[in-house]
file target.txt (compact mmCIF, C-alpha atoms and all ligand atoms)
# COMPACT_ATOMS: atom_id res chain seq x y z
CA MET Z 193 0.00 0.00 0.00
CA THR Z 194 1.42 3.37 -0.95
CA MET Z 195 1.92 6.31 1.33
CA THR Z 196 -0.85 8.17 -0.48
CA THR Z 197 -3.49 5.46 0.05
CA ASN Z 198 -2.74 5.64 3.78
CA ARG Z 199 -3.99 9.21 3.82
CA THR Z 200 -7.42 8.14 2.58
CA ALA Z 201 -7.55 5.20 5.00
CA ALA Z 202 -6.61 7.40 7.97
CA ALA Z 203 -9.16 10.06 7.07
CA VAL Z 204 -11.91 7.45 6.63
CA ALA Z 205 -11.05 5.89 10.00
CA GLU Z 206 -11.11 9.25 11.75
CA ALA Z 207 -14.51 10.16 10.31
CA GLU Z 208 -15.87 6.73 11.26
CA ARG Z 209 -14.66 7.17 14.82
CA TRP Z 210 -15.89 10.69 15.47
CA THR Z 211 -19.13 11.09 13.53
CA ALA Z 212 -22.65 9.72 13.83
CA HIS Z 213 -23.21 7.11 11.15
CA ASN Z 214 -26.22 8.73 9.53
CA TYR Z 215 -24.52 8.45 6.13
CA HIS Z 216 -22.61 5.61 4.48
CA PRO Z 217 -20.13 7.54 2.34
CA LEU Z 218 -17.94 6.01 -0.33
CA PRO Z 219 -14.35 5.81 0.96
CA VAL Z 220 -13.17 8.88 -0.92
CA VAL Z 221 -11.82 11.92 0.92
CA ILE Z 222 -12.03 15.06 -1.18
CA ALA Z 223 -9.53 17.83 -0.67
CA ASP Z 224 -9.94 20.00 -3.75
CA ALA Z 225 -12.53 20.71 -6.40
CA ASP Z 226 -12.86 22.72 -9.57
CA GLY Z 227 -15.80 22.73 -11.98
CA ALA Z 228 -17.04 19.18 -12.46
CA TRP Z 229 -13.92 17.50 -11.03
CA VAL Z 230 -12.70 16.80 -7.51
CA THR Z 231 -9.33 15.62 -6.21
CA ASP Z 232 -8.87 13.42 -3.14
CA VAL Z 233 -6.26 13.62 -0.38
CA ASP Z 234 -4.09 11.21 -2.35
CA GLY Z 235 -4.20 13.27 -5.53
CA ARG Z 236 -6.66 11.07 -7.47
CA ARG Z 237 -9.17 12.89 -9.65
CA TYR Z 238 -12.85 12.03 -10.04
CA LEU Z 239 -15.71 13.35 -12.14
CA ASP Z 240 -18.37 14.44 -9.64
CA CYS Z 241 -21.59 12.89 -10.94
CA LEU Z 242 -23.63 13.69 -7.85
CA ALA Z 243 -22.88 17.42 -7.59
CA GLY Z 244 -23.99 17.79 -3.98
CA TYR Z 245 -27.39 16.27 -4.86
CA SER Z 246 -27.76 19.14 -7.39
CA ALA Z 247 -26.50 21.82 -4.98
CA LEU Z 248 -23.49 22.19 -7.31
CA ASN Z 249 -25.37 22.78 -10.56
CA PHE Z 250 -22.85 25.49 -11.49
CA GLY Z 251 -19.88 23.31 -10.62
CA HIS Z 252 -17.43 23.54 -7.77
CA ARG Z 253 -16.19 27.06 -7.06
CA HIS Z 254 -17.76 28.78 -10.05
CA PRO Z 255 -15.64 31.97 -10.45
CA ALA Z 256 -18.66 34.32 -10.44
CA LEU Z 257 -19.98 32.77 -7.22
CA ILE Z 258 -16.63 32.72 -5.44
CA ASP Z 259 -16.09 36.31 -6.51
CA ALA Z 260 -19.49 37.34 -5.11
CA ALA Z 261 -18.73 35.56 -1.82
CA ARG Z 262 -15.25 37.11 -1.53
CA LYS Z 263 -16.55 40.61 -2.20
CA GLN Z 264 -19.33 40.23 0.35
CA ILE Z 265 -16.98 38.87 3.04
CA GLU Z 266 -15.13 42.19 2.79
CA HIS Z 267 -18.30 44.05 3.80
CA VAL Z 268 -20.83 42.28 6.05
CA THR Z 269 -21.70 38.59 6.43
CA LEU Z 270 -24.53 38.55 9.01
CA THR Z 271 -26.85 41.19 10.41
CA SER Z 272 -29.86 39.31 11.84
CA ARG Z 273 -33.28 39.83 10.40
CA ALA Z 274 -33.98 42.49 13.02
CA PHE Z 275 -32.22 44.86 10.59
CA LEU Z 276 -32.09 45.12 6.82
CA HIS Z 277 -28.97 44.90 4.68
CA ASP Z 278 -28.18 46.00 1.16
CA GLN Z 279 -28.18 42.50 -0.43
CA PHE Z 280 -31.61 41.50 0.87
CA GLY Z 281 -34.00 43.49 -1.34
CA PRO Z 282 -32.01 42.85 -4.55
CA PHE Z 283 -31.89 39.09 -3.88
CA CYS Z 284 -35.61 38.81 -3.17
CA ARG Z 285 -36.46 40.94 -6.21
CA ASP Z 286 -34.20 38.98 -8.56
CA LEU Z 287 -35.45 35.59 -7.37
CA ALA Z 288 -39.12 36.64 -7.45
CA GLU Z 289 -38.63 37.88 -11.02
CA LEU Z 290 -36.88 34.65 -12.06
CA CYS Z 291 -39.91 32.75 -10.74
CA GLY Z 292 -42.52 35.19 -12.09
CA MET Z 293 -43.81 35.62 -8.53
CA ASP Z 294 -44.33 38.53 -6.10
CA MET Z 295 -42.46 37.62 -2.93
CA VAL Z 296 -39.65 35.58 -1.42
CA LEU Z 297 -39.18 34.14 2.06
CA PRO Z 298 -35.54 33.08 2.43
CA MET Z 299 -34.40 30.26 4.69
CA ASN Z 300 -31.25 28.09 4.70
CA THR Z 301 -31.81 24.38 4.12
CA GLY Z 302 -34.31 22.62 1.91
CA ALA Z 303 -36.17 21.06 4.83
CA GLU Z 304 -36.63 24.49 6.40
CA ALA Z 305 -38.11 25.81 3.17
CA VAL Z 306 -40.51 22.83 3.00
CA GLU Z 307 -41.52 23.45 6.63
CA THR Z 308 -42.09 27.10 5.71
CA ALA Z 309 -44.27 26.08 2.76
CA ILE Z 310 -46.33 23.83 5.03
CA LYS Z 311 -46.85 26.58 7.60
CA VAL Z 312 -47.74 29.20 4.98
CA SER Z 313 -50.17 26.79 3.27
CA ARG Z 314 -51.91 26.05 6.57
CA LYS Z 315 -52.18 29.72 7.48
CA TRP Z 316 -53.48 30.53 3.98
CA GLY Z 317 -56.02 27.74 4.44
CA TYR Z 318 -57.32 29.17 7.72
CA LYS Z 319 -57.20 32.87 6.86
CA VAL Z 320 -58.02 32.91 3.13
CA LYS Z 321 -59.76 29.65 2.22
CA GLY Z 322 -61.71 29.44 5.48
CA VAL Z 323 -60.75 25.94 6.61
CA PRO Z 324 -61.97 25.29 10.21
CA ASP Z 325 -59.21 25.82 12.78
CA GLY Z 326 -56.84 22.85 13.22
CA GLN Z 327 -58.25 20.83 10.32
CA ALA Z 328 -55.99 21.72 7.39
CA SER Z 329 -54.89 18.78 5.26
CA ILE Z 330 -52.08 18.60 2.71
CA VAL Z 331 -51.95 15.99 -0.06
CA VAL Z 332 -48.51 14.51 -0.75
CA ALA Z 333 -47.16 11.71 -2.94
CA ALA Z 334 -45.91 8.27 -1.94
CA ASP Z 335 -42.14 7.80 -2.22
CA ASN Z 336 -41.63 11.53 -1.67
CA PHE Z 337 -38.48 13.07 -0.30
CA HIS Z 338 -38.85 16.53 1.20
CA GLY Z 339 -36.26 16.49 4.01
CA ARG Z 340 -35.57 15.12 7.45
CA THR Z 341 -37.50 17.12 10.07
CA THR Z 342 -40.04 15.35 12.28
CA THR Z 343 -43.01 16.86 10.43
CA ILE Z 344 -41.59 16.03 6.99
CA ILE Z 345 -40.71 12.43 7.83
CA SER Z 346 -44.24 12.07 9.21
CA PHE Z 347 -45.47 11.85 5.62
CA SER Z 348 -42.55 9.85 4.23
CA THR Z 349 -43.30 6.32 3.00
CA ASP Z 350 -39.66 5.25 3.41
CA PRO Z 351 -39.34 3.14 6.59
CA ASP Z 352 -35.64 4.12 6.95
CA ALA Z 353 -36.59 7.79 7.09
CA ARG Z 354 -39.66 7.35 9.28
CA ALA Z 355 -39.53 4.36 11.64
CA ASP Z 356 -38.53 5.06 15.27
CA TYR Z 357 -39.12 8.82 14.97
CA GLY Z 358 -42.78 9.06 15.98
CA PRO Z 359 -45.09 10.41 17.24
CA TYR Z 360 -45.87 11.82 13.83
CA THR Z 361 -47.36 15.13 12.73
CA PRO Z 362 -50.94 14.67 11.47
CA GLY Z 363 -52.56 16.52 8.58
CA PHE Z 364 -51.11 14.77 5.51
CA ARG Z 365 -52.76 12.45 2.98
CA ILE Z 366 -50.51 10.26 0.87
CA VAL Z 367 -51.52 9.28 -2.68
CA PRO Z 368 -49.61 7.35 -5.38
CA TYR Z 369 -47.29 9.59 -7.43
CA GLY Z 370 -48.58 10.20 -10.94
CA ASP Z 371 -52.19 9.25 -10.10
CA LEU Z 372 -54.54 12.19 -10.65
CA ASP Z 373 -57.69 10.24 -9.75
CA ALA Z 374 -56.23 9.35 -6.35
CA MET Z 375 -55.24 12.97 -5.82
CA ARG Z 376 -58.74 14.17 -6.70
CA ALA Z 377 -60.24 11.64 -4.27
CA ALA Z 378 -57.91 12.81 -1.46
CA ILE Z 379 -58.86 16.49 -1.80
CA ASP Z 380 -61.78 17.84 0.23
CA GLU Z 381 -62.83 21.16 1.73
CA THR Z 382 -60.07 20.91 4.39
CA THR Z 383 -57.29 20.59 1.79
CA VAL Z 384 -55.00 23.60 1.68
CA ALA Z 385 -52.18 22.33 -0.54
CA VAL Z 386 -50.82 19.64 -2.79
CA LEU Z 387 -47.08 19.25 -2.15
CA ILE Z 388 -45.12 17.28 -4.75
CA GLU Z 389 -41.74 17.02 -6.44
CA PRO Z 390 -42.22 17.60 -10.20
CA ILE Z 391 -39.65 14.80 -10.63
CA GLN Z 392 -39.02 12.55 -7.63
CA GLY Z 393 -35.27 12.66 -7.07
CA GLU Z 394 -34.45 10.49 -4.09
CA ALA Z 395 -37.05 7.92 -5.21
CA GLY Z 396 -34.79 7.22 -8.22
CA VAL Z 397 -35.42 10.14 -10.58
CA LEU Z 398 -39.04 9.22 -11.28
CA VAL Z 399 -40.56 11.36 -14.03
CA PRO Z 400 -44.37 11.50 -13.75
CA PRO Z 401 -46.55 10.53 -16.74
CA PRO Z 402 -47.00 13.29 -19.36
CA GLY Z 403 -49.85 15.61 -18.40
CA TYR Z 404 -49.56 14.91 -14.68
CA LEU Z 405 -48.27 18.36 -13.68
CA THR Z 406 -50.86 20.01 -15.95
CA GLY Z 407 -53.52 17.87 -14.28
CA VAL Z 408 -52.31 18.78 -10.78
CA ARG Z 409 -52.40 22.46 -11.74
CA ALA Z 410 -55.97 22.19 -13.05
CA LEU Z 411 -57.15 20.21 -10.04
CA CYS Z 412 -55.64 22.69 -7.58
CA THR Z 413 -57.20 25.65 -9.39
CA GLU Z 414 -60.59 23.92 -9.55
CA GLN Z 415 -60.53 22.94 -5.85
CA ASN Z 416 -58.98 26.19 -4.51
CA VAL Z 417 -55.91 24.35 -3.24
CA LEU Z 418 -52.32 25.62 -3.40
CA PHE Z 419 -50.01 23.76 -5.78
CA VAL Z 420 -46.67 23.67 -3.94
CA ALA Z 421 -43.81 22.45 -6.15
CA ASP Z 422 -40.73 21.24 -4.29
CA GLU Z 423 -38.12 22.14 -6.92
CA ILE Z 424 -35.25 21.91 -4.43
CA GLN Z 425 -33.55 19.21 -6.48
CA SER Z 426 -35.34 19.46 -9.84
CA GLY Z 427 -35.14 23.24 -10.21
CA LEU Z 428 -32.54 25.84 -11.19
CA GLY Z 429 -31.44 24.37 -14.50
CA ARG Z 430 -31.00 20.68 -13.73
CA THR Z 431 -33.64 19.37 -16.15
CA GLY Z 432 -32.86 21.70 -19.06
CA ASP Z 433 -35.32 24.39 -18.02
CA THR Z 434 -35.23 26.75 -15.04
CA PHE Z 435 -37.89 24.61 -13.33
CA ALA Z 436 -39.04 21.04 -13.98
CA CYS Z 437 -42.63 22.41 -14.04
CA ASP Z 438 -41.64 24.45 -17.13
CA HIS Z 439 -41.55 21.26 -19.21
CA GLU Z 440 -45.35 21.21 -19.07
CA GLY Z 441 -45.68 25.00 -19.09
CA VAL Z 442 -47.09 24.79 -15.57
CA LYS Z 443 -46.73 27.42 -12.87
CA PRO Z 444 -47.36 26.32 -9.29
CA ASP Z 445 -48.67 28.64 -6.57
CA MET Z 446 -45.49 28.22 -4.58
CA TYR Z 447 -41.95 27.20 -5.52
CA VAL Z 448 -39.82 25.64 -2.81
CA LEU Z 449 -36.16 26.11 -3.70
CA GLY Z 450 -32.81 25.25 -2.12
CA LYS Z 451 -29.61 23.40 -2.98
CA ALA Z 452 -28.24 25.15 -6.12
CA LEU Z 453 -29.66 28.49 -4.91
CA GLY Z 454 -26.59 28.71 -2.65
CA GLY Z 455 -24.27 27.92 -5.55
CA GLY Z 456 -22.51 25.20 -3.56
CA VAL Z 457 -21.00 27.96 -1.40
CA VAL Z 458 -23.56 28.60 1.35
CA PRO Z 459 -26.91 27.03 2.28
CA VAL Z 460 -29.71 29.14 0.79
CA SER Z 461 -33.33 28.08 0.42
CA ALA Z 462 -36.52 29.97 -0.23
CA VAL Z 463 -40.25 29.85 -0.66
CA VAL Z 464 -41.39 31.97 -3.59
CA SER Z 465 -45.03 32.81 -4.14
CA ARG Z 466 -47.68 35.42 -4.77
CA ALA Z 467 -48.53 38.25 -2.40
CA ASP Z 468 -51.96 36.74 -1.63
CA VAL Z 469 -50.19 33.63 -0.29
CA LEU Z 470 -46.96 34.78 1.39
CA GLY Z 471 -48.76 37.95 2.46
CA VAL Z 472 -50.58 35.98 5.18
CA LEU Z 473 -47.47 36.04 7.40
CA ARG Z 474 -47.14 38.71 10.08
CA PRO Z 475 -44.01 39.82 11.99
CA GLY Z 476 -42.93 37.30 14.61
CA GLU Z 477 -44.78 34.33 13.11
CA HIS Z 478 -41.86 32.74 11.28
CA GLY Z 479 -38.16 33.33 10.83
CA SER Z 480 -34.57 32.17 10.92
CA THR Z 481 -31.36 33.63 12.38
CA PHE Z 482 -29.39 32.96 9.21
CA GLY Z 483 -32.17 33.04 6.58
CA GLY Z 484 -31.49 35.80 4.06
CA ASN Z 485 -28.10 36.77 5.52
CA PRO Z 486 -25.86 39.10 3.48
CA LEU Z 487 -23.38 36.44 2.39
CA ALA Z 488 -26.17 34.06 1.34
CA CYS Z 489 -27.99 36.81 -0.55
CA ALA Z 490 -24.83 38.01 -2.33
CA VAL Z 491 -24.05 34.50 -3.57
CA ALA Z 492 -27.68 33.82 -4.50
CA ILE Z 493 -27.89 37.07 -6.49
CA ALA Z 494 -24.96 35.76 -8.54
CA VAL Z 495 -26.73 32.39 -8.89
CA VAL Z 496 -29.88 34.03 -10.26
CA ASP Z 497 -27.66 36.03 -12.61
CA LEU Z 498 -26.16 32.81 -13.98
CA LEU Z 499 -29.64 31.36 -14.45
CA ASN Z 500 -30.83 34.50 -16.22
CA SER Z 501 -28.17 33.91 -18.89
CA GLY Z 502 -29.96 30.69 -19.90
CA GLU Z 503 -26.57 29.05 -20.52
CA PHE Z 504 -26.93 26.37 -17.87
CA GLN Z 505 -30.43 25.36 -18.89
CA GLU Z 506 -29.16 24.99 -22.47
CA ARG Z 507 -26.16 22.90 -21.40
CA ALA Z 508 -28.43 20.64 -19.35
CA ARG Z 509 -30.74 20.24 -22.34
CA GLU Z 510 -28.04 19.49 -24.90
CA LEU Z 511 -25.67 17.39 -22.81
CA GLY Z 512 -28.66 15.74 -21.14
CA ALA Z 513 -29.79 14.51 -24.56
CA LEU Z 514 -26.34 12.96 -25.07
CA LEU Z 515 -26.32 11.45 -21.59
CA HIS Z 516 -29.72 9.82 -22.02
CA GLU Z 517 -29.01 8.61 -25.55
CA ARG Z 518 -25.82 6.93 -24.38
CA LEU Z 519 -27.42 5.48 -21.23
CA ARG Z 520 -30.36 4.06 -23.19
CA ALA Z 521 -27.85 2.13 -25.30
CA LEU Z 522 -26.79 0.29 -22.11
CA ILE Z 523 -30.28 -1.16 -21.59
CA GLY Z 524 -29.86 -4.90 -21.99
CA HIS Z 525 -26.13 -4.57 -21.21
CA GLY Z 526 -26.33 -4.51 -17.43
CA VAL Z 527 -28.92 -1.73 -17.25
CA THR Z 528 -32.63 -2.54 -17.04
CA ALA Z 529 -34.11 0.98 -17.18
CA VAL Z 530 -33.12 4.64 -17.47
CA ARG Z 531 -35.24 7.61 -16.39
CA GLY Z 532 -34.75 11.31 -16.06
CA ARG Z 533 -34.59 14.65 -17.79
CA GLY Z 534 -31.70 16.94 -18.67
CA LEU Z 535 -28.46 16.16 -16.84
CA TRP Z 536 -30.26 13.97 -14.34
CA ALA Z 537 -30.60 10.21 -14.67
CA GLY Z 538 -31.82 7.32 -12.57
CA ILE Z 539 -30.30 4.09 -13.85
CA ASP Z 540 -31.54 0.67 -12.75
CA ILE Z 541 -28.67 -1.81 -12.66
CA ASP Z 542 -29.50 -5.46 -13.34
CA PRO Z 543 -29.62 -6.87 -9.78
CA ALA Z 544 -28.17 -10.16 -11.09
CA LEU Z 545 -24.92 -8.27 -11.81
CA MET Z 546 -24.42 -6.11 -8.72
CA THR Z 547 -26.11 -3.75 -6.29
CA GLY Z 548 -26.25 0.00 -6.84
CA ARG Z 549 -23.74 0.42 -4.03
CA GLU Z 550 -21.30 -1.98 -5.69
CA ALA Z 551 -21.73 -0.15 -9.00
CA CYS Z 552 -20.86 3.14 -7.23
CA GLU Z 553 -17.83 1.60 -5.54
CA ARG Z 554 -16.56 0.30 -8.87
CA LEU Z 555 -17.26 3.62 -10.57
CA MET Z 556 -15.27 5.36 -7.86
CA ALA Z 557 -12.32 3.08 -8.55
CA VAL Z 558 -12.31 4.25 -12.19
CA GLY Z 559 -12.77 7.95 -11.46
CA VAL Z 560 -16.54 8.60 -11.33
CA LEU Z 561 -18.45 9.57 -8.17
CA ALA Z 562 -22.14 8.60 -8.16
CA LYS Z 563 -24.76 7.62 -5.58
CA ASP Z 564 -26.98 4.58 -5.27
CA THR Z 565 -30.55 4.60 -4.07
CA HIS Z 566 -33.12 1.89 -3.23
CA GLY Z 567 -30.90 -1.14 -3.83
CA SER Z 568 -30.23 -1.32 -7.54
CA THR Z 569 -30.60 2.24 -8.81
CA ILE Z 570 -27.77 4.69 -9.31
CA ARG Z 571 -28.17 8.38 -9.96
CA LEU Z 572 -26.10 10.58 -12.21
CA ALA Z 573 -26.47 14.34 -11.76
CA PRO Z 574 -23.19 15.97 -12.78
CA PRO Z 575 -22.64 19.72 -12.49
CA LEU Z 576 -24.13 21.52 -15.49
CA VAL Z 577 -20.62 22.72 -16.41
CA VAL Z 578 -19.59 19.23 -17.60
CA THR Z 579 -18.27 18.94 -21.13
CA GLU Z 580 -19.31 16.47 -23.81
CA GLU Z 581 -16.05 14.66 -23.10
CA ASP Z 582 -16.97 14.41 -19.40
CA VAL Z 583 -20.39 12.93 -20.19
CA ASN Z 584 -18.80 10.36 -22.48
CA PHE Z 585 -16.18 9.60 -19.81
CA ALA Z 586 -18.92 8.88 -17.22
CA VAL Z 587 -20.94 6.61 -19.51
CA ASP Z 588 -17.82 4.82 -20.83
CA ARG Z 589 -16.74 4.07 -17.25
CA LEU Z 590 -20.24 2.78 -16.39
CA ALA Z 591 -20.24 0.54 -19.47
CA GLU Z 592 -16.81 -0.75 -18.46
CA VAL Z 593 -17.91 -1.48 -14.90
CA LEU Z 594 -20.99 -3.37 -16.11
CA ALA Z 595 -19.03 -5.31 -18.73
CA THR Z 596 -16.38 -6.48 -16.24
CA SER Z 597 -18.77 -7.61 -13.54
C1 LIG A 601 -36.88 17.44 -3.31
C2 LIG A 601 -36.14 17.71 -2.03
N1 LIG A 601 -36.74 18.42 -1.07
C3 LIG A 601 -36.11 18.70 0.09
C4 LIG A 601 -34.83 18.26 0.34
C5 LIG A 601 -34.16 18.57 1.67
O1 LIG A 601 -33.14 19.50 1.51
P1 LIG A 601 -32.05 19.69 2.68
O2 LIG A 601 -31.22 18.45 2.72
O3 LIG A 601 -31.26 20.91 2.25
O4 LIG A 601 -32.80 19.92 3.94
C6 LIG A 601 -34.18 17.51 -0.64
C7 LIG A 601 -32.81 16.99 -0.39
O5 LIG A 601 -32.33 16.06 -1.01
C8 LIG A 601 -34.84 17.23 -1.85
O6 LIG A 601 -34.26 16.50 -2.81

call {"tool": "encode", "arguments": {"input": "target.txt", "output": "structure tokens"}}
result
Amino acid sequence: MTMTTNRTAAAVAEAERWTAHNYHPLPVVIADADGAWVTDVDGRRYLDCLAGYSALNFGHRHPALIDAARKQIEHVTLTSRAFLHDQFGPFCRDLAELCGMDMVLPMNTGAEAVETAIKVSRKWGYKVKGVPDGQASIVVAADNFHGRTTTIISFSTDPDARADYGPYTPGFRIVPYGDLDAMRAAIDETTVAVLIEPIQGEAGVLVPPPGYLTGVRALCTEQNVLFVADEIQSGLGRTGDTFACDHEGVKPDMYVLGKALGGGVVPVSAVVSRADVLGVLRPGEHGSTFGGNPLACAVAIAVVDLLNSGEFQERARELGALLHERLRALIGHGVTAVRGRGLWAGIDIDPALMTGREACERLMAVGVLAKDTHGSTIRLAPPLVVTEEDVNFAVDRLAEVLATS
């Protein structure tokens, strides 16, 4: 064993010893990153095909984002929301305009933004729709992933996420994803919102049947229910449009955003909606010490700027077409199914060959970092700054791994 390999082994052992085991990371210890590539403590390079679960849509250390962060650090990084700062208004304006909405409520993590969306929907239900106090219901989809708080895992259908963490928060109705009839049947006069991912990421990049999002929109309008789209993973360029809802020309009542909004530099999340929805909140009813801080806002302004150029959406569209074309050619050669949109793919590996975890371990050994989910699925979601050569590299390595099993 070389000196360099010892560095990885020591770092893995240290992390194992001192951290809770709520993740099962691949044994790679990253020390440097640039664009779509990372380098480990032993100097080995890997193509990052997970991209921080889409938090790194613009790649590692995008110069415009690092520049925005550096400049802001020279001025002010945190004020508290008891005062205003000069990055706050511009960020909220730019993001609202990107979304075609009126107002923004900034938070930090995705789960916090989902919690915010739930609270706002309930308050809207009581104050605007007229739902009797304490009876608001929210319709969600089976196999959802919206975060890890106790309320959010209360409506998870994944036993790993949910078991042992009760008692659970009531007020949610779970229907099969993609099933409009079931959704219609679950909605009644107490329903304040439908909360769904336009593409289910953690479930294995499940794209709903064509017309589903259009149907959800129509149903919500007809029933006076808020359509809340969790675009935390699917949004901000990943699928080849700014939002996954755009593929059906659908506009929800509320966008829930996170991950890439912070450019891979700082955690930034937000709920973006109309004034008649977010306007229900009054001072003191909701907040966050770090939500909307100057550093977060400065970076997120630069993120919105990048999105306004359209360049990343176009890259995701064009390179996504190549990625999916090449992955489809592997069906029957160790792959049983491929799903996804843009630079986002869920790939089912033939369970007779290997597990998803094994596939990721083998990919790591040949320079590609990916993540398994639900046994035999692996996900590829590289930064949108990848080149055609990078996409071919990732698929060639996958083909190699499957062929040598
Ligand atoms: C669709 C979706 N919603 C919410 C979350 C939770 O975000 P966070 O981990 O920042 O709390 C995630 C994270 O993977 C997600 O994919």

call {"tool": "residues_near_ligand", "arguments": {"input": "target.txt", "ligand": "ligand LIG 601 (chain A)", "cutoff": "6 Å", "atoms": "all atoms listed in the file", "output": "VMD selection string"}}
result
chain Z and resid 301 to 303 337 to 339 389 393 422 424 to 425

call {"tool": "closest_residue", "arguments": {"input": "target.txt", "among": "Z:Pro359, Z:His439, Z:Asp234, Z:Cys241", "to": "Cys552 (chain Z)", "atoms": "all atoms listed in the file"}}
result
Z:Cys241

call {"tool": "atom_distance", "arguments": {"input": "target.txt", "atom1": "CA of Ser568 (chain Z)", "atom2": "CA of Arg354 (chain Z)"}}
result
21.1 Å

call {"tool": "residues_near_point", "arguments": {"input": "target.txt", "point": "(-62.0, 23.2, -2.2)", "cutoff": "7 Å", "atoms": "only C-alpha atoms", "output": "PyMOL selection string"}}
result
chain Z and resi 380-381+383+415-417

call {"tool": "residues_around", "arguments": {"input": "target.txt", "residues": "Ser480 (chain Z)", "least_positions_apart": "6", "cutoff": "9 Å", "atoms": "all atoms listed in the file", "output": "ChimeraX atom specification"}}
result
/Z:272-273,298-300

call {"tool": "atom_distance", "arguments": {"input": "target.txt", "atom1": "CA of Pro390 (chain Z)", "atom2": "CA of Asp240 (chain Z)"}}
result
24.1 Å

call {"tool": "residues_around", "arguments": {"input": "target.txt", "residues": "Leu242 (chain Z)", "least_positions_apart": "6", "cutoff": "9 Å", "atoms": "all atoms listed in the file", "output": "list in words"}}
result
Leu248, Leu561, Ala562, Lys563, Arg571, Leu572, Ala573, Pro574 and Pro575 of chain Z

call {"tool": "atom_distance", "arguments": {"input": "target.txt", "atom1": "CA of Phe347 (chain Z)", "atom2": "CA of Val464 (chain Z)"}}
result
22.5 Å

call {"tool": "residues_near_point", "arguments": {"input": "target.txt", "point": "(-23.3, 30.4, 3.8)", "cutoff": "6 Å", "atoms": "all atoms listed in the file", "output": "PyMOL selection string"}}
result
chain Z and resi 458-459+488

call {"tool": "build_atoms", "arguments": {"input": "target.txt", "residues": "region 211-225 of chain Z", "atoms": "N, CA and C atoms", "output": "PDB file, in the frame of the given file"}}
result
ATOM      1  N   THR Z 211     -17.855  10.547  14.021  1.00  0.00           N
ATOM      2  CA  THR Z 211     -19.130  11.090  13.530  1.00  0.00           C
ATOM      3  C   THR Z 211     -20.247  10.064  13.674  1.00  0.00           C
ATOM      4  N   ALA Z 212     -21.470  10.590  13.844  1.00  0.00           N
ATOM      5  CA  ALA Z 212     -22.650   9.720  13.830  1.00  0.00           C
ATOM      6  C   ALA Z 212     -22.735   9.062  12.449  1.00  0.00           C
ATOM      7  N   HIS Z 213     -23.213   7.840  12.422  1.00  0.00           N
ATOM      8  CA  HIS Z 213     -23.210   7.110  11.150  1.00  0.00           C
ATOM      9  C   HIS Z 213     -24.548   7.256  10.421  1.00  0.00           C
ATOM     10  N   ASN Z 214     -24.963   8.492  10.234  1.00  0.00           N
ATOM     11  CA  ASN Z 214     -26.220   8.730   9.530  1.00  0.00           C
ATOM     12  C   ASN Z 214     -26.030   8.777   8.017  1.00  0.00           C
ATOM     13  N   TYR Z 215     -24.808   8.629   7.555  1.00  0.00           N
ATOM     14  CA  TYR Z 215     -24.520   8.450   6.130  1.00  0.00           C
ATOM     15  C   TYR Z 215     -23.585   7.260   5.981  1.00  0.00           C
ATOM     16  N   HIS Z 216     -23.522   6.721   4.760  1.00  0.00           N
ATOM     17  CA  HIS Z 216     -22.610   5.610   4.480  1.00  0.00           C
ATOM     18  C   HIS Z 216     -21.776   6.028   3.266  1.00  0.00           C
ATOM     19  N   PRO Z 217     -20.841   6.981   3.498  1.00  0.00           N
ATOM     20  CA  PRO Z 217     -20.130   7.540   2.340  1.00  0.00           C
ATOM     21  C   PRO Z 217     -19.210   6.536   1.657  1.00  0.00           C
ATOM     22  N   LEU Z 218     -18.978   6.773   0.369  1.00  0.00           N
ATOM     23  CA  LEU Z 218     -17.940   6.010  -0.330  1.00  0.00           C
ATOM     24  C   LEU Z 218     -16.600   6.395   0.309  1.00  0.00           C
ATOM     25  N   PRO Z 219     -15.634   5.485   0.320  1.00  0.00           N
ATOM     26  CA  PRO Z 219     -14.350   5.810   0.960  1.00  0.00           C
ATOM     27  C   PRO Z 219     -13.466   6.698   0.088  1.00  0.00           C
ATOM     28  N   VAL Z 220     -13.962   7.896  -0.172  1.00  0.00           N
ATOM     29  CA  VAL Z 220     -13.170   8.880  -0.920  1.00  0.00           C
ATOM     30  C   VAL Z 220     -13.148  10.148  -0.072  1.00  0.00           C
ATOM     31  N   VAL Z 221     -11.980  10.752   0.041  1.00  0.00           N
ATOM     32  CA  VAL Z 221     -11.820  11.920   0.920  1.00  0.00           C
ATOM     33  C   VAL Z 221     -11.354  13.093   0.064  1.00  0.00           C
ATOM     34  N   ILE Z 222     -12.287  13.991  -0.213  1.00  0.00           N
ATOM     35  CA  ILE Z 222     -12.030  15.060  -1.180  1.00  0.00           C
ATOM     36  C   ILE Z 222     -11.305  16.234  -0.505  1.00  0.00           C
ATOM     37  N   ALA Z 223     -10.309  16.724  -1.219  1.00  0.00           N
ATOM     38  CA  ALA Z 223      -9.530  17.830  -0.670  1.00  0.00           C
ATOM     39  C   ALA Z 223      -9.587  19.073  -1.546  1.00  0.00           C
ATOM     40  N   ASP Z 224      -9.942  18.886  -2.806  1.00  0.00           N
ATOM     41  CA  ASP Z 224      -9.940  20.000  -3.750  1.00  0.00           C
ATOM     42  C   ASP Z 224     -11.020  19.783  -4.795  1.00  0.00           C
ATOM     43  N   ALA Z 225     -11.506  20.866  -5.365  1.00  0.00           N
ATOM     44  CA  ALA Z 225     -12.530  20.710  -6.400  1.00  0.00           C
ATOM     45  C   ALA Z 225     -12.510  21.915  -7.323  1.00  0.00           C
TER      46      ALA Z 225
END
